[in-house]
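J.: Okay, so here is start_23.pdb, and as you'll see once you scroll down, it has PDB, C-alpha atoms and all ligand atoms.
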ATOM      1  CA  MET A  17     -72.614 -90.181 -80.218
ATOM      2  CA  GLN A  18     -70.610 -88.274 -77.664
ATOM      3  CA  LEU A  19     -70.744 -84.501 -78.031
ATOM      4  CA  ASP A  20     -68.166 -82.980 -75.703
ATOM      5  CA  VAL A  21     -67.884 -79.254 -75.139
ATOM      6  CA  MET A  22     -64.961 -77.466 -73.475
ATOM      7  CA  THR A  23     -66.381 -74.261 -72.097
ATOM      8  CA  LEU A  24     -65.795 -71.752 -69.332
ATOM      9  CA  PHE A  25     -69.600 -71.572 -69.023
ATOM     10  CA  PRO A  26     -70.866 -75.156 -68.729
ATOM     11  CA  HIS A  27     -74.104 -74.028 -67.042
ATOM     12  CA  TRP A  28     -75.220 -72.458 -70.345
ATOM     13  CA  PHE A  29     -75.759 -76.037 -71.574
ATOM     14  CA  ASP A  30     -78.150 -76.956 -68.742
ATOM     15  CA  TRP A  31     -80.927 -75.237 -70.677
ATOM     16  CA  PHE A  32     -79.910 -76.964 -73.907
ATOM     17  CA  ARG A  33     -79.984 -80.403 -72.288
ATOM     18  CA  GLU A  34     -83.519 -79.699 -71.007
ATOM     19  CA  GLN A  35     -84.940 -79.382 -74.544
ATOM     20  CA  ARG A  36     -87.193 -82.209 -75.686
ATOM     21  CA  HIS A  37     -85.267 -83.277 -78.792
ATOM     22  CA  VAL A  38     -81.994 -83.216 -76.885
ATOM     23  CA  LYS A  39     -83.516 -85.231 -74.039
ATOM     24  CA  ASN A  40     -84.820 -87.760 -76.582
ATOM     25  CA  ALA A  41     -81.362 -88.107 -78.066
ATOM     26  CA  MET A  42     -79.868 -88.565 -74.602
ATOM     27  CA  GLU A  43     -82.458 -91.205 -73.723
ATOM     28  CA  ASP A  44     -81.313 -92.968 -76.913
ATOM     29  CA  GLY A  45     -77.775 -93.127 -75.537
ATOM     30  CA  HIS A  46     -76.274 -89.979 -77.077
ATOM     31  CA  GLU A  47     -74.345 -87.699 -74.756
ATOM     32  CA  VAL A  48     -73.815 -83.949 -74.425
ATOM     33  CA  ARG A  49     -70.982 -83.532 -71.923
ATOM     34  CA  THR A  50     -69.412 -80.271 -70.772
ATOM     35  CA  PHE A  51     -65.978 -79.715 -69.280
ATOM     36  CA  ASN A  52     -64.573 -76.546 -67.798
ATOM     37  CA  PRO A  53     -60.885 -75.824 -68.553
ATOM     38  CA  ARG A  54     -60.838 -73.823 -65.316
ATOM     39  CA  ASP A  55     -61.173 -77.103 -63.399
ATOM     40  CA  HIS A  56     -57.846 -78.156 -64.927
ATOM     41  CA  SER A  57     -55.869 -74.973 -64.286
ATOM     42  CA  ASP A  58     -53.245 -75.135 -61.576
ATOM     43  CA  MET A  59     -52.526 -71.417 -61.797
ATOM     44  CA  SER A  60     -53.553 -69.013 -59.056
ATOM     45  CA  ALA A  61     -57.271 -68.160 -59.139
ATOM     46  CA  ARG A  62     -57.645 -70.994 -61.677
ATOM     47  CA  GLN A  63     -56.507 -68.679 -64.456
ATOM     48  CA  VAL A  64     -57.182 -69.909 -68.007
ATOM     49  CA  ASP A  65     -56.240 -66.943 -70.167
ATOM     50  CA  ASP A  66     -53.584 -64.299 -70.527
ATOM     51  CA  THR A  67     -52.753 -61.059 -72.317
ATOM     52  CA  PRO A  68     -51.676 -61.395 -75.968
ATOM     53  CA  PHE A  69     -47.985 -61.199 -76.847
ATOM     54  CA  GLY A  70     -47.429 -58.172 -79.041
ATOM     55  CA  GLY A  71     -50.143 -56.249 -77.227
ATOM     56  CA  GLY A  72     -53.746 -55.602 -78.078
ATOM     57  CA  ALA A  73     -57.088 -55.818 -76.402
ATOM     58  CA  GLY A  74     -58.614 -58.828 -74.702
ATOM     59  CA  MET A  75     -57.381 -62.088 -73.321
ATOM     60  CA  VAL A  76     -56.298 -65.301 -75.016
ATOM     61  CA  LEU A  77     -56.945 -68.886 -73.817
ATOM     62  CA  ARG A  78     -53.672 -70.487 -72.744
ATOM     63  CA  VAL A  79     -52.298 -73.531 -74.561
ATOM     64  CA  ASP A  80     -50.964 -75.167 -71.371
ATOM     65  CA  VAL A  81     -54.358 -74.961 -69.655
ATOM     66  CA  MET A  82     -56.133 -76.395 -72.709
ATOM     67  CA  GLU A  83     -53.627 -79.250 -72.842
ATOM     68  CA  LYS A  84     -54.274 -80.081 -69.182
ATOM     69  CA  ALA A  85     -58.021 -79.947 -69.732
ATOM     70  CA  LEU A  86     -57.913 -82.269 -72.763
ATOM     71  CA  ARG A  87     -55.500 -84.658 -71.024
ATOM     72  CA  GLY A  88     -57.770 -84.613 -67.963
ATOM     73  CA  VAL A  89     -60.791 -85.656 -69.991
ATOM     74  CA  TYR A  90     -59.228 -88.089 -72.500
ATOM     75  CA  ALA A  91     -56.133 -89.302 -70.603
ATOM     76  CA  GLN A  92     -54.119 -88.782 -73.779
ATOM     77  CA  ASP A  93     -51.742 -86.269 -75.331
ATOM     78  CA  PRO A  94     -54.047 -83.941 -77.312
ATOM     79  CA  VAL A  95     -51.564 -84.056 -80.203
ATOM     80  CA  GLU A  96     -52.402 -87.785 -80.473
ATOM     81  CA  LEU A  97     -56.079 -87.312 -79.630
ATOM     82  CA  ARG A  98     -56.773 -85.210 -82.709
ATOM     83  CA  LYS A  99     -55.553 -88.059 -84.934
ATOM     84  CA  GLU A 100     -58.414 -90.222 -83.642
ATOM     85  CA  ARG A 101     -61.140 -87.752 -82.807
ATOM     86  CA  ARG A 102     -62.552 -84.587 -84.351
ATOM     87  CA  VAL A 103     -61.460 -81.825 -81.977
ATOM     88  CA  ILE A 104     -62.959 -78.621 -83.275
ATOM     89  CA  ALA A 105     -62.052 -75.032 -82.440
ATOM     90  CA  LEU A 106     -65.099 -72.779 -82.665
ATOM     91  CA  THR A 107     -63.980 -69.530 -84.209
ATOM     92  CA  PRO A 108     -65.600 -66.921 -86.480
ATOM     93  CA  GLY A 109     -62.958 -67.442 -89.177
ATOM     94  CA  GLY A 110     -63.326 -71.251 -89.300
ATOM     95  CA  ARG A 111     -64.857 -73.548 -91.929
ATOM     96  CA  VAL A 112     -68.432 -72.355 -92.254
ATOM     97  CA  LEU A 113     -71.007 -74.869 -91.030
ATOM     98  CA  ASP A 114     -73.351 -76.234 -93.690
ATOM     99  CA  ASP A 115     -75.411 -79.402 -94.136
ATOM    100  CA  ALA A 116     -72.482 -81.387 -95.568
ATOM    101  CA  PHE A 117     -70.273 -80.434 -92.596
ATOM    102  CA  VAL A 118     -73.065 -81.453 -90.198
ATOM    103  CA  ASP A 119     -73.373 -84.826 -91.981
ATOM    104  CA  GLU A 120     -69.631 -85.314 -91.668
ATOM    105  CA  LEU A 121     -69.760 -84.654 -87.919
ATOM    106  CA  ALA A 122     -72.857 -86.819 -87.387
ATOM    107  CA  ALA A 123     -70.952 -89.713 -88.985
ATOM    108  CA  GLU A 124     -68.144 -89.505 -86.389
ATOM    109  CA  GLU A 125     -68.915 -92.609 -84.374
ATOM    110  CA  GLN A 126     -66.339 -91.858 -81.680
ATOM    111  CA  GLY A 127     -67.904 -88.495 -80.975
ATOM    112  CA  ILE A 128     -66.609 -84.969 -81.371
ATOM    113  CA  THR A 129     -65.108 -82.343 -79.096
ATOM    114  CA  LEU A 130     -65.938 -78.667 -79.431
ATOM    115  CA  LEU A 131     -63.617 -76.050 -77.946
ATOM    116  CA  CYS A 132     -65.280 -72.762 -77.073
ATOM    117  CA  GLY A 133     -63.143 -69.663 -77.277
ATOM    118  CA  ARG A 134     -63.893 -66.571 -75.219
ATOM    119  CA  TYR A 135     -62.472 -63.090 -75.156
ATOM    120  CA  GLU A 136     -59.993 -62.832 -78.056
ATOM    121  CA  GLY A 137     -60.070 -66.592 -78.644
ATOM    122  CA  PHE A 138     -57.388 -69.276 -78.532
ATOM    123  CA  ASP A 139     -53.622 -69.234 -78.427
ATOM    124  CA  GLU A 140     -53.004 -70.286 -82.035
ATOM    125  CA  ARG A 141     -50.986 -73.313 -80.856
ATOM    126  CA  ILE A 142     -54.224 -74.832 -79.506
ATOM    127  CA  VAL A 143     -55.685 -74.712 -83.016
ATOM    128  CA  GLN A 144     -52.479 -75.787 -84.772
ATOM    129  CA  HIS A 145     -51.575 -78.724 -82.537
ATOM    130  CA  PHE A 146     -54.700 -79.927 -80.725
ATOM    131  CA  CYS A 147     -57.478 -79.405 -83.278
ATOM    132  CA  SER A 148     -58.561 -81.350 -86.343
ATOM    133  CA  ASP A 149     -60.890 -78.616 -87.615
ATOM    134  CA  THR A 150     -62.028 -75.062 -87.136
ATOM    135  CA  LEU A 151     -65.720 -74.247 -87.378
ATOM    136  CA  SER A 152     -67.663 -71.030 -87.760
ATOM    137  CA  ILE A 153     -71.437 -70.745 -87.676
ATOM    138  CA  GLY A 154     -71.222 -67.609 -89.799
ATOM    139  CA  ARG A 155     -69.078 -64.633 -90.569
ATOM    140  CA  TYR A 156     -69.927 -62.586 -87.515
ATOM    141  CA  VAL A 157     -68.330 -62.488 -84.091
ATOM    142  CA  LEU A 158     -70.091 -63.868 -81.028
ATOM    143  CA  ALA A 159     -68.918 -63.202 -77.471
ATOM    144  CA  GLY A 160     -67.761 -66.824 -77.320
ATOM    145  CA  GLY A 161     -68.165 -70.253 -78.849
ATOM    146  CA  GLU A 162     -70.985 -71.465 -76.570
ATOM    147  CA  LEU A 163     -73.908 -70.547 -78.809
ATOM    148  CA  ALA A 164     -71.996 -71.902 -81.799
ATOM    149  CA  ALA A 165     -71.446 -75.180 -79.898
ATOM    150  CA  MET A 166     -75.180 -75.440 -79.223
ATOM    151  CA  VAL A 167     -75.904 -74.830 -82.901
ATOM    152  CA  VAL A 168     -73.513 -77.630 -83.830
ATOM    153  CA  CYS A 169     -74.917 -80.032 -81.202
ATOM    154  CA  ASP A 170     -78.484 -79.275 -82.259
ATOM    155  CA  ALA A 171     -77.768 -79.755 -85.958
ATOM    156  CA  VAL A 172     -75.796 -82.974 -85.356
ATOM    157  CA  LEU A 173     -78.244 -84.518 -82.889
ATOM    158  CA  ARG A 174     -81.228 -84.074 -85.178
ATOM    159  CA  LYS A 175     -79.384 -86.047 -87.865
ATOM    160  CA  LEU A 176     -79.077 -89.055 -85.572
ATOM    161  CA  PRO A 177     -81.740 -91.758 -85.690
ATOM    162  CA  GLY A 178     -84.295 -91.456 -82.911
ATOM    163  CA  SER A 179     -84.104 -87.768 -82.084
ATOM    164  CA  LEU A 180     -86.784 -86.660 -84.549
ATOM    165  CA  GLY A 181     -90.443 -87.533 -84.360
ATOM    166  CA  HIS A 182     -90.669 -88.652 -87.978
ATOM    167  CA  ALA A 183     -88.032 -90.914 -89.490
ATOM    168  CA  ASN A 184     -88.023 -89.028 -92.803
ATOM    169  CA  SER A 185     -87.799 -85.543 -91.336
ATOM    170  CA  ALA A 186     -84.025 -85.354 -91.477
ATOM    171  CA  VAL A 187     -83.733 -87.057 -94.863
ATOM    172  CA  GLU A 188     -85.835 -84.769 -97.007
ATOM    173  CA  GLU A 189     -85.097 -81.448 -95.399
ATOM    174  CA  SER A 190     -83.500 -78.231 -96.497
ATOM    175  CA  PHE A 191     -80.070 -78.609 -98.119
ATOM    176  CA  SER A 192     -80.168 -82.413 -97.917
ATOM    177  CA  VAL A 193     -78.906 -84.733-100.654
ATOM    178  CA  ALA A 194     -82.528 -85.854-101.196
ATOM    179  CA  LEU A 195     -83.335 -82.291-102.276
ATOM    180  CA  ASP A 196     -80.109 -81.876-104.280
ATOM    181  CA  GLY A 197     -78.928 -79.332-101.719
ATOM    182  CA  ASP A 198     -81.930 -77.035-102.263
ATOM    183  CA  PRO A 199     -83.973 -75.515 -99.436
ATOM    184  CA  GLU A 200     -87.101 -77.362 -98.395
ATOM    185  CA  TYR A 201     -90.446 -76.848-100.179
ATOM    186  CA  PRO A 202     -93.204 -74.833 -98.445
ATOM    187  CA  HIS A 203     -95.544 -76.524 -95.990
ATOM    188  CA  TYR A 204     -99.204 -75.811 -95.276
ATOM    189  CA  THR A 205    -101.725 -77.067 -92.729
ATOM    190  CA  ARG A 206    -105.357 -76.370 -91.783
ATOM    191  CA  PRO A 207    -107.247 -74.165 -92.412
ATOM    192  CA  ALA A 208    -107.187 -74.778 -96.183
ATOM    193  CA  GLU A 209    -108.207 -71.172 -96.693
ATOM    194  CA  TYR A 210    -107.402 -68.239 -94.410
ATOM    195  CA  ARG A 211    -108.202 -64.598 -95.190
ATOM    196  CA  GLY A 212    -108.630 -65.688 -98.792
ATOM    197  CA  TRP A 213    -105.136 -67.252 -98.877
ATOM    198  CA  LYS A 214    -105.599 -70.720-100.313
ATOM    199  CA  VAL A 215    -103.435 -73.765 -99.912
ATOM    200  CA  PRO A 216    -102.255 -74.921-103.383
ATOM    201  CA  ASP A 217    -104.867 -77.327-104.833
ATOM    202  CA  VAL A 218    -102.312 -80.006-105.626
ATOM    203  CA  LEU A 219    -101.612 -80.527-101.917
ATOM    204  CA  LEU A 220    -105.289 -81.278-101.298
ATOM    205  CA  SER A 221    -105.537 -83.577-104.332
ATOM    206  CA  GLY A 222    -104.191 -86.761-102.783
ATOM    207  CA  HIS A 223    -102.035 -87.399-105.923
ATOM    208  CA  HIS A 224     -98.725 -88.342-104.360
ATOM    209  CA  ALA A 225     -96.678 -88.222-107.570
ATOM    210  CA  GLU A 226     -98.012 -84.759-108.452
ATOM    211  CA  ILE A 227     -97.397 -83.545-104.922
ATOM    212  CA  GLU A 228     -93.846 -84.842-105.143
ATOM    213  CA  THR A 229     -93.280 -83.041-108.484
ATOM    214  CA  TRP A 230     -94.781 -79.806-107.141
ATOM    215  CA  ARG A 231     -92.631 -79.939-104.006
ATOM    216  CA  ARG A 232     -89.449 -80.626-105.946
ATOM    217  CA  ALA A 233     -90.182 -77.676-108.248
ATOM    218  CA  ARG A 234     -90.843 -75.286-105.348
ATOM    219  CA  SER A 235     -87.690 -76.487-103.631
ATOM    220  CA  ARG A 236     -85.639 -75.858-106.789
ATOM    221  CA  GLU A 237     -87.175 -72.392-107.145
ATOM    222  CA  ARG A 238     -86.100 -71.518-103.619
ATOM    223  CA  GLY A 239     -82.637 -72.834-104.356
ATOM    224  CA  ASP A 240     -82.399 -70.388-107.272
ATOM    225  CA  GLY A 241     -81.929 -67.573-104.811
ATOM    226  CA  GLY A 242     -85.250 -67.249-103.040
ATOM    227  CA  SER A 243     -87.424 -64.241-103.367
ATOM    228  CA  ARG A 244     -87.643 -61.039-101.456
ATOM    229  CA  LEU A 245     -90.783 -60.976 -99.333
ATOM    230  CA  GLY A 246     -93.084 -57.979 -99.320
ATOM    231  CA  ARG A 247     -93.428 -55.811 -96.228
TER     232      ARG A 247
HETATM  233  N1  LIG B 301     -66.959 -67.733 -81.702
HETATM  234  C1  LIG B 301     -67.209 -66.420 -81.852
HETATM  235  N2  LIG B 301     -67.894 -66.190 -82.973
HETATM  236  C2  LIG B 301     -68.095 -67.410 -83.569
HETATM  237  C3  LIG B 301     -68.730 -67.829 -84.767
HETATM  238  N3  LIG B 301     -69.306 -66.964 -85.591
HETATM  239  N4  LIG B 301     -68.731 -69.131 -85.043
HETATM  240  C4  LIG B 301     -68.133 -70.026 -84.213
HETATM  241  N5  LIG B 301     -67.522 -69.683 -83.078
HETATM  242  C5  LIG B 301     -67.494 -68.384 -82.755
END
Would you put the structure from the file into structure tokens?
Ligand code: ADE
T.:
Amino acid sequence: MQLDVMTLFPHWFDWFREQRHVKNAMEDGHEVRTFNPRDHSDMSARQVDDTPFGGGAGMVLRVDVMEKALRGVYAQDPVELRKERRVIALTPGGRVLDDAFVDELAAEEQGITLLCGRYEGFDERIVQHFCSDTLSIGRYVLAGGELAAMVVCDAVLRKLPGSLGHANSAVEESFSVALDGDPEYPHYTRPAEYRGWKVPDVLLSGHHAEIETWRRARSRERGDGGSRLGR
């Protein structure tokens, strides 16, 4: 799986690539590549953005620079590229990321390309003509798409075989099909009692079927809205 990120801040991803689960995925042949649109700008001072037509605050990423950057990386007209590859604009108003969206992206064998906006975001023609999707990690505004791109890469990579320690970890986890889209059940480990707080007996019983039933029920309960915790 090739995870490509177009970003004005590629060095942000150095830290991400250093993380154990990401390294494991990369050792398995998956890639997290970064490209800087600035390297493809032929404007003075390698300009990538400009003031918005109609006025207003902030700067907007230029469509011509993004085209050059995408052509530079994929040697193809980006209008054609998006027919073959998921090219995704990261933007607060995009399709909100959830487990089903992550599954969809993890199934893209060709790989995916994430475009990080900065400042006021993209010239709309980038989204309309070069992108297959828009994606938001939530209805709040970040300073740019970089953290959103890392969220996407992290969520996608952990779905791929080999990047998790335990083969079943990604199957029966929160919001997965195996749990009918419910959050995951609670986990406990040693000590079996701490400050009088006991681990549920069933988990110590060794009865796998009962444990399974208990877990499914707790998962469903959480899916019914969760509960407010005391403070
Ligand atoms: N860029 C800025 N805010 C964002 C968000 N919430 N999701 C994705 N990309 C963004």
J.: Using all atoms listed in the file, which of A:Gly72, A:Gly212, A:Gly109, A:Pro94 sits nearest ligand LIG 301 (chain B)?
T.: A:Gly109
J.: Do a neighbour search on A:Arg49 at 7 Å with all atoms listed in the file, toss out local chain neighbours closer than 5 positions, and write the hits as a ChimeraX atom specification.
T.: /A:19-21
J.: Pick from A:Glu228, A:Asp217, A:Asp139, A:Asp30: nearest to A:Thr107, with all atoms listed in the file counted?
T.: A:Asp139
J.: Do a neighbour search on A:Leu106 at 8 Å with all atoms listed in the file, toss out local chain neighbours closer than 4 positions, and write the hits as a PyMOL selection string.
T.: chain A and resi 110+130-133+150-152+161+164-165
J.: List, as a list in words, every residue that the PyMOL selection byres (((chain A and resi 124) around 12) and not hetatm) selects in the file provided.
T.: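 Selection result, ordered by chain and number: Met17, Gln18, Leu19, Glu100, Arg101, Arg102, Val103, Phe117, Val118, Asp119, Glu120, Leu121, Ala122, Ala123, Glu125, Gln126, Gly127, Ile128, Thr129, Val172, Leu173, Lys175 and Leu176 of chain A.
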J.: Around stretch 151-161 of chain A, with edges along x, y and z and 4 Å added on all six sides, what centre and edge lengths do you get, in Å to one decimal, as JSON?
T.:
{"center_x": -68.6, "center_y": -68.4, "center_z": -83.9, "size_x": 13.7, "size_y": 19.8, "size_z": 21.2}
J.: Using Å and a single decimal, report how far atom CA of A:Gly160 sits from atom N1 of ligand LIG 301 (chain B).
T.: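 Atom CA of A:Gly160 lies at a distance of 4.5 Å from atom N1 of ligand LIG 301 (chain B).
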J.: Kindly indicate which residue among A:Glu237, A:Glu162, A:Asp196, A:Asp170 lies nearest to A:Phe29, using all atoms listed in the file for the distances.
T.: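 Among the listed residues, the smallest separation from A:Phe29 belongs to A:Glu162.
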J.: Given the PyMOL selection byres (((chain A and resi 138) around 9) and not hetatm) and the file above, list the residues it selects as a PyMOL selection string.
T.: chain A and resi 65+75-79+105+107+132-137+139-143
J.: Could you tell me which residues the PyMOL selection byres (((chain A and resi 33-39) around 10) and not hetatm) grabs in this file, written as a VMD selection string?
T.: chain A and resid 28 to 32 40 to 49 166 169 to 170 173 to 174 178 to 181
J.: Keeping only C-alpha atoms, write the selected residues to a file as a PDB file, in the frame of the given file.
T.:
ATOM      1  CA  TRP A  28     -75.220 -72.458 -70.345  1.00  0.00           C
ATOM      2  CA  PHE A  29     -75.759 -76.037 -71.574  1.00  0.00           C
ATOM      3  CA  ASP A  30     -78.150 -76.956 -68.742  1.00  0.00           C
ATOM      4  CA  TRP A  31     -80.927 -75.237 -70.677  1.00  0.00           C
ATOM      5  CA  PHE A  32     -79.910 -76.964 -73.907  1.00  0.00           C
ATOM      6  CA  ASN A  40     -84.820 -87.760 -76.582  1.00  0.00           C
ATOM      7  CA  ALA A  41     -81.362 -88.107 -78.066  1.00  0.00           C
ATOM      8  CA  MET A  42     -79.868 -88.565 -74.602  1.00  0.00           C
ATOM      9  CA  GLU A  43     -82.458 -91.205 -73.723  1.00  0.00           C
ATOM     10  CA  ASP A  44     -81.313 -92.968 -76.913  1.00  0.00           C
ATOM     11  CA  GLY A  45     -77.775 -93.127 -75.537  1.00  0.00           C
ATOM     12  CA  HIS A  46     -76.274 -89.979 -77.077  1.00  0.00           C
ATOM     13  CA  GLU A  47     -74.345 -87.699 -74.756  1.00  0.00           C
ATOM     14  CA  VAL A  48     -73.815 -83.949 -74.425  1.00  0.00           C
ATOM     15  CA  ARG A  49     -70.982 -83.532 -71.923  1.00  0.00           C
ATOM     16  CA  MET A 166     -75.180 -75.440 -79.223  1.00  0.00           C
ATOM     17  CA  CYS A 169     -74.917 -80.032 -81.202  1.00  0.00           C
ATOM     18  CA  ASP A 170     -78.484 -79.275 -82.259  1.00  0.00           C
ATOM     19  CA  LEU A 173     -78.244 -84.518 -82.889  1.00  0.00           C
ATOM     20  CA  ARG A 174     -81.228 -84.074 -85.178  1.00  0.00           C
ATOM     21  CA  GLY A 178     -84.295 -91.456 -82.911  1.00  0.00           C
ATOM     22  CA  SER A 179     -84.104 -87.768 -82.084  1.00  0.00           C
ATOM     23  CA  LEU A 180     -86.784 -86.660 -84.549  1.00  0.00           C
ATOM     24  CA  GLY A 181     -90.443 -87.533 -84.360  1.00  0.00           C
TER      25      GLY A 181
END
J.: Mind giving me the straight-line distance from atom CA of A:His203 to atom CA of A:Asp115 in Å, one decimal?
T.: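 According to the coordinates, atom CA of A:His203 and atom CA of A:Asp115 are separated by 20.4 Å.
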J.: So how many Å separate atom CA of A:Ser148 and atom CA of A:Lys99, to one decimal?
T.: 7.5 Å
J.: If we count all atoms listed in the file and set the cut-off at 9 Å, which residues sit around stretch 81-87 of chain A, ignoring sequence neighbours fewer than 6 positions away in its own chain? Please answer as a list in words.
T.: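 Skipping anything fewer than 6 positions along the chain leaves Met22, Phe51, Asn52, Pro53, Arg54, Asp55, His56, Ser57, Asp58, Met59, Gln63, Val64, Asp65, Asp93, Pro94, Leu97, Ile142 and Phe146 of chain A.
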J.: Would you kindly place all heavy atoms on stretch 132-140 of chain A and return the model as a short mmCIF file (atom, residue, chain, number, x, y, z; two decimals), keeping the file's coordinate frame?
T.:
data_model
loop_
_atom_site.label_atom_id
_atom_site.label_comp_id
_atom_site.auth_asym_id
_atom_site.auth_seq_id
_atom_site.Cartn_x
_atom_site.Cartn_y
_atom_site.Cartn_z
N CYS A 132 -64.71 -74.11 -77.02
CA CYS A 132 -65.28 -72.76 -77.07
C CYS A 132 -64.22 -71.73 -76.71
O CYS A 132 -63.64 -71.80 -75.62
CB CYS A 132 -66.43 -72.63 -76.09
SG CYS A 132 -67.78 -73.75 -76.43
N GLY A 133 -64.02 -70.78 -77.60
CA GLY A 133 -63.14 -69.66 -77.28
C GLY A 133 -63.95 -68.60 -76.55
O GLY A 133 -65.17 -68.60 -76.57
N ARG A 134 -63.28 -67.73 -75.87
CA ARG A 134 -63.89 -66.57 -75.22
C ARG A 134 -62.95 -65.41 -75.43
O ARG A 134 -61.82 -65.59 -75.87
CB ARG A 134 -64.04 -66.81 -73.72
CG ARG A 134 -65.33 -67.48 -73.36
CD ARG A 134 -66.43 -66.46 -73.09
NE ARG A 134 -67.71 -66.93 -73.61
CZ ARG A 134 -68.82 -66.22 -73.59
NH1 ARG A 134 -68.82 -65.01 -73.09
NH2 ARG A 134 -69.93 -66.69 -74.10
N TYR A 135 -63.35 -64.25 -75.08
CA TYR A 135 -62.47 -63.09 -75.16
C TYR A 135 -61.88 -62.99 -76.57
O TYR A 135 -62.63 -63.02 -77.53
CB TYR A 135 -61.39 -63.17 -74.07
CG TYR A 135 -61.94 -63.70 -72.75
CD1 TYR A 135 -61.51 -64.91 -72.22
CD2 TYR A 135 -62.95 -63.03 -72.07
CE1 TYR A 135 -62.04 -65.42 -71.04
CE2 TYR A 135 -63.49 -63.53 -70.90
CZ TYR A 135 -63.03 -64.72 -70.39
OH TYR A 135 -63.57 -65.22 -69.24
N GLU A 136 -60.57 -62.94 -76.71
CA GLU A 136 -59.99 -62.83 -78.06
C GLU A 136 -59.80 -64.19 -78.72
O GLU A 136 -59.29 -64.29 -79.82
CB GLU A 136 -58.65 -62.08 -78.01
CG GLU A 136 -58.79 -60.58 -77.88
CD GLU A 136 -59.75 -59.98 -78.91
OE1 GLU A 136 -59.43 -60.05 -80.11
OE2 GLU A 136 -60.81 -59.46 -78.52
N GLY A 137 -60.17 -65.27 -78.01
CA GLY A 137 -60.07 -66.59 -78.64
C GLY A 137 -58.93 -67.43 -78.09
O GLY A 137 -58.59 -67.33 -76.91
N PHE A 138 -58.36 -68.28 -78.96
CA PHE A 138 -57.39 -69.28 -78.53
C PHE A 138 -55.97 -68.83 -78.83
O PHE A 138 -55.73 -68.18 -79.85
CB PHE A 138 -57.58 -70.57 -79.34
CG PHE A 138 -58.97 -71.11 -79.30
CD1 PHE A 138 -59.86 -70.85 -80.34
CD2 PHE A 138 -59.39 -71.91 -78.25
CE1 PHE A 138 -61.15 -71.37 -80.32
CE2 PHE A 138 -60.68 -72.44 -78.22
CZ PHE A 138 -61.56 -72.16 -79.26
N ASP A 139 -55.03 -69.25 -78.00
CA ASP A 139 -53.62 -69.23 -78.43
C ASP A 139 -53.57 -70.10 -79.68
O ASP A 139 -54.10 -71.23 -79.69
CB ASP A 139 -52.75 -69.84 -77.31
CG ASP A 139 -51.26 -69.79 -77.64
OD1 ASP A 139 -50.88 -70.32 -78.71
OD2 ASP A 139 -50.48 -69.26 -76.83
N GLU A 140 -52.97 -69.60 -80.74
CA GLU A 140 -53.00 -70.29 -82.04
C GLU A 140 -52.44 -71.70 -81.96
O GLU A 140 -52.80 -72.58 -82.74
CB GLU A 140 -52.24 -69.45 -83.07
CG GLU A 140 -52.35 -69.94 -84.51
CD GLU A 140 -53.79 -70.00 -85.04
OE1 GLU A 140 -54.69 -69.33 -84.48
OE2 GLU A 140 -54.01 -70.75 -86.01
#
